[in-house]
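Trainee: Please read through the structure below; I'll follow up with questions.
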Amino acid sequence: MAAGQVSKAKTSAANTASWRDVTPSAVVLITGPEEYLGIRAMDRIRSQVRAAAPEVEISRLNAGSYESGSLAMAVTPSLFDEAKLIEIEGLESMNDAFLADALKYVTQPENDVVLVLRHGGGVRGKKLLDAIKSSGWPVVDCQPLKKDAEKTAFVVSEFKAGGRRIEAEAVQALVNAVGASLSELAAACNQLIADATTAVDAATVERYYGGRVEATAFKVADAAMAGNGPQALSSLRHALATGVDPVPLVAALAAKLRTLAKVAGAQGSSAQIAKQLGMQPWLVEQAQRDVRRWTPEGLIRSIQVTAEADAQVKGLSRDPVYAVEHAVTVIANAARGR
């Protein structure tokens with residue numbers, strides 16, 4: 001859906017949208033303190049805009065360090081009249097220059113422009129938020145999921161979107177194990193969705209996440225994939241010391257690398273790639289950002305060493321801990337281009 005097609009979609013009242021279902025509009029407001037949901041909402045809009053207009057021009061501004069006139073410059077039609085996506089973060093600390101320019105813009109936005117505004121919470125900029133809501137532009141409220149019922153519904157929705165089944169007992173076990181952080185819960189869902197060949201049951205969740213304290217398989221994997229070897233090894237040793245089995249640790253590394261390899265070799269927009277690979281668009285966007293740090297040789301080497309570690313932790317080695325540590329070290333070095 002192009003920006004010009006949605007620019008007239010205003011109604012007389014605020015249009016509340018879910019972060020899962022929000023679609024591009026001339027103006028979209030994403031509010032609330034839950035950063036992870038805000039990121040997912042922004043990724044979803046970006047993916048849809050790129051799918052509709054692959055040559056879209058994307059600009060990013062910060063409302064706290066904003067300079068007067070920057071918004072007008074960003075939305076000015078380009079020489080070839082490409083669609084434009086303007087992402088503005090930090091509205092909770094907006095300065096007066098941004099407030100003045102934004103108040104003027106939201107009353108009469110440009111055609112073929114999608115403006116996404118991210119407000120992390122608080123009272124700063126209330127006048128602008130009220131103006132957006134009263135104009136009827138879509139508003140996504142990203143509040144923390146505090147209740148178990150909310151987290152349970154989140155897990156069920158993630159598995160449904162990923163085309164996998166999860167048993168009710170497994171849902172509760174997963175929430176109990178990694179539900180303190182929504183981003184960690186989402187990463188755990190993604191890992192199980194990627195690895196599962198049948199419905200996920202409580203035994204599978206226990207195998208992956210039972211006995212964990214603070215360090216988790218995906219924390220180790222995230223640190224390694226970011227090139228932070230010391231943090232990855234520290235988290236790994238803590239995880240092992242608190243009873244985490246080496247098998248899910250290697251599985252987490254493999255899942256991350258598998259996603260990276262799939263996205264690295266795919267062609268098209270993030271939405272097209274997500275559809276081709278059966279992945280969620282936000283995950284493709286994340287992988288596209290991460291893969292820029294990697295060389296093809298480093299990715300191949302990391303996949304090979306992880307496959308070797310997988311065999312070793314499943315019985316081919318007398319020292320499975322060394323196998324995992326070696327894999328983590330190789331991956332962290334590869335992520336830094338070594």
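Numbering starts fresh at 1 for the residues of each chain in the structure tokens, the chains themselves are lettered A, B, ... in the order given, and ligands are numbered from 1 as they appear.
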May I have all residues of range 71-266 of chain A that DSSP, computed from the backbone, assigns to alpha helix (DSSP H), given as a PyMOL selection string?

Mentor: chain A and resi 71-75+96-106+126-134+148-161+168-178+182-195+202-209+217-225+229-241+246-264

Trainee: Any idea what's packed within 8 Å of Ser269 in chain A, counting only C-alpha atoms, ignoring anything in its chain fewer than 4 positions away? Could you give it as a VMD selection string?

Mentor: chain A and resid 47 50 to 51 54 273

Trainee: What are the closest atom pairs, with distances in Å to one decimal, for all residues of range 209-272 of chain A lying within 7 Å of range 177-195 of chain A? Consider only C-alpha atoms, order rows by chain and residue number, and present the result as a tab-separated table.

Mentor:
```
residue	atom	partner	partner_atom	distance
A:Tyr209	CA	A:Ala177	CA	6.3
A:Ala252	CA	A:Gln191	CA	6.6
A:Ala255	CA	A:Gln191	CA	6.3
```

Trainee: Write a file of the selected residues as an mmCIF file, in the first residue's frame, keeping N, CA, C and O atoms.

Mentor:
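In the end it all went to selection03.cif:
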```cif
data_model
loop_
_atom_site.group_PDB
_atom_site.id
_atom_site.type_symbol
_atom_site.label_atom_id
_atom_site.label_comp_id
_atom_site.auth_asym_id
_atom_site.auth_seq_id
_atom_site.Cartn_x
_atom_site.Cartn_y
_atom_site.Cartn_z
ATOM 1 N N TYR A 209 15.372 -25.037 27.976
ATOM 2 C CA TYR A 209 15.446 -23.922 28.918
ATOM 3 C C TYR A 209 15.354 -24.319 30.383
ATOM 4 O O TYR A 209 15.390 -23.457 31.252
ATOM 5 N N ALA A 252 20.970 -23.068 19.573
ATOM 6 C CA ALA A 252 20.747 -21.625 19.461
ATOM 7 C C ALA A 252 21.726 -20.999 18.474
ATOM 8 O O ALA A 252 21.353 -20.154 17.657
ATOM 9 N N ALA A 255 20.616 -22.036 14.979
ATOM 10 C CA ALA A 255 19.414 -21.328 14.528
ATOM 11 C C ALA A 255 19.760 -19.927 14.044
ATOM 12 O O ALA A 255 19.249 -19.460 13.007
#
```

Trainee: Write out as a list in words each polymer residue whose atoms come within 8 Å of Pro246 in chain A, counting only C-alpha atoms; drop sequence neighbours fewer than 5 positions from it.

Mentor: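 Here the answer would be Leu240, Val313, Pro320, Val321 and Val324 of chain A.
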
Trainee: Excluding range 154-169 of chain A and residues on its chain fewer than 3 positions from it, collect all residues at most 6 Å away from it, counting only C-alpha atoms, and give them as a list in words.

Mentor: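 Everything that qualifies: Lys151, Gln172, Ala199, Val200, Asp201 and Ala202 of chain A.
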
Trainee: Taking 2 positions as the minimum chain separation for residues in the same chain, which residues sit within 12 Å of Ser234 in chain A when counting only C-alpha atoms? Answer as number ranges by chain.

Mentor: A: 214-216, 219-221, 223-224, 228-232, 236-241, 325, 328-329

Trainee: Could you save the residues just selected, with C-alpha atoms, as a compact mmCIF listing (two decimals), in the first residue's frame?

Mentor:
```
# COMPACT_ATOMS: atom_id res chain seq x y z
CA GLU A 214 20.14 -15.78 34.07
CA ALA A 215 22.29 -16.95 31.19
CA THR A 216 20.30 -18.46 28.34
CA LYS A 219 22.07 -14.75 25.18
CA VAL A 220 25.18 -16.77 24.42
CA ALA A 221 24.26 -16.90 20.74
CA ALA A 223 26.78 -12.19 22.11
CA ALA A 224 28.71 -14.50 19.80
CA ASN A 228 31.52 -10.10 21.66
CA GLY A 229 33.64 -13.14 22.47
CA PRO A 230 34.34 -12.39 26.16
CA GLN A 231 30.66 -11.83 26.95
CA ALA A 232 29.62 -14.91 24.98
CA LEU A 236 28.24 -19.73 28.24
CA ARG A 237 30.20 -20.76 31.32
CA HIS A 238 27.53 -19.36 33.61
CA ALA A 239 24.83 -21.22 31.68
CA LEU A 240 26.74 -24.50 31.94
CA ALA A 241 27.39 -23.93 35.63
CA GLU A 325 33.48 -22.92 23.64
CA VAL A 328 31.48 -19.65 20.24
CA THR A 329 35.03 -18.31 19.82
```

Trainee: Determine the nearest neighbour of Glu297 in chain A from the options A:Ala271, A:Leu283, A:Val28, A:Ala334, counting only C-alpha atoms.

Mentor: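 Looking only at the distances to Glu297 in chain A, the closest residue turns out to be A:Ala334.
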
Trainee: Which residue out of A:Val175, A:Leu71, A:Gly120, A:Gln276 has the minimum interatomic distance to Glu150 in chain A when only C-alpha atoms are used?

Mentor: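 Closest to Glu150 in chain A of all the choices is A:Val175.
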
Trainee: Enter the distance from CA of Trp294 in chain A to CA of Tyr322 in chain A, in Å, rounded to one decimal.

Mentor: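 Result for CA of Trp294 in chain A versus CA of Tyr322 in chain A: 24.1 Å, one decimal.
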
Trainee: Report, in Å with one decimal, the straight-line distance from CA of Ser302 in chain A to CA of Gln286 in chain A.

Mentor: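 Pair CA of Ser302 in chain A / CA of Gln286 in chain A returns 18.6 Å.
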
Trainee: If we count only C-alpha atoms and set the cut-off at 10 Å, which residues sit around Pro109 in chain A, ignoring sequence neighbours fewer than 2 positions away in its own chain? Please answer as a list in words.

Mentor: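 Using only C-alpha atoms, the neighbours found are Gly4, Ser7, Lys8, Ala26, Val27, Val75, Ala102, Lys104, Tyr105, Val106, Thr107, Asn111, Asp112, Val113, Val114 and Leu115 of chain A.
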
Trainee: Expressed in Å to a single decimal, how great is the separation between CA of Thr76 in chain A and CA of Leu61 in chain A?

Mentor: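 Straight-line distance from CA of Thr76 in chain A to CA of Leu61 in chain A works out to 14.7 Å.
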
Trainee: With distances taken over only C-alpha atoms, which of A:Pro138, A:Lys262, A:Ile45, A:Ile88 is nearest to Ala17 in chain A?

Mentor: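 Under the stated criterion, the closest residue is A:Pro138.
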
Trainee: Show which residues sit within 9 Å of range 306-311 of chain A, as an MDAnalysis selection string. Count only C-alpha atoms, and ignore same-chain residues fewer than 2 positions away.

Mentor: chainID A and resid 246:247 250:251 253:254 257 301:304 313:317 320 322:324 326:328 331
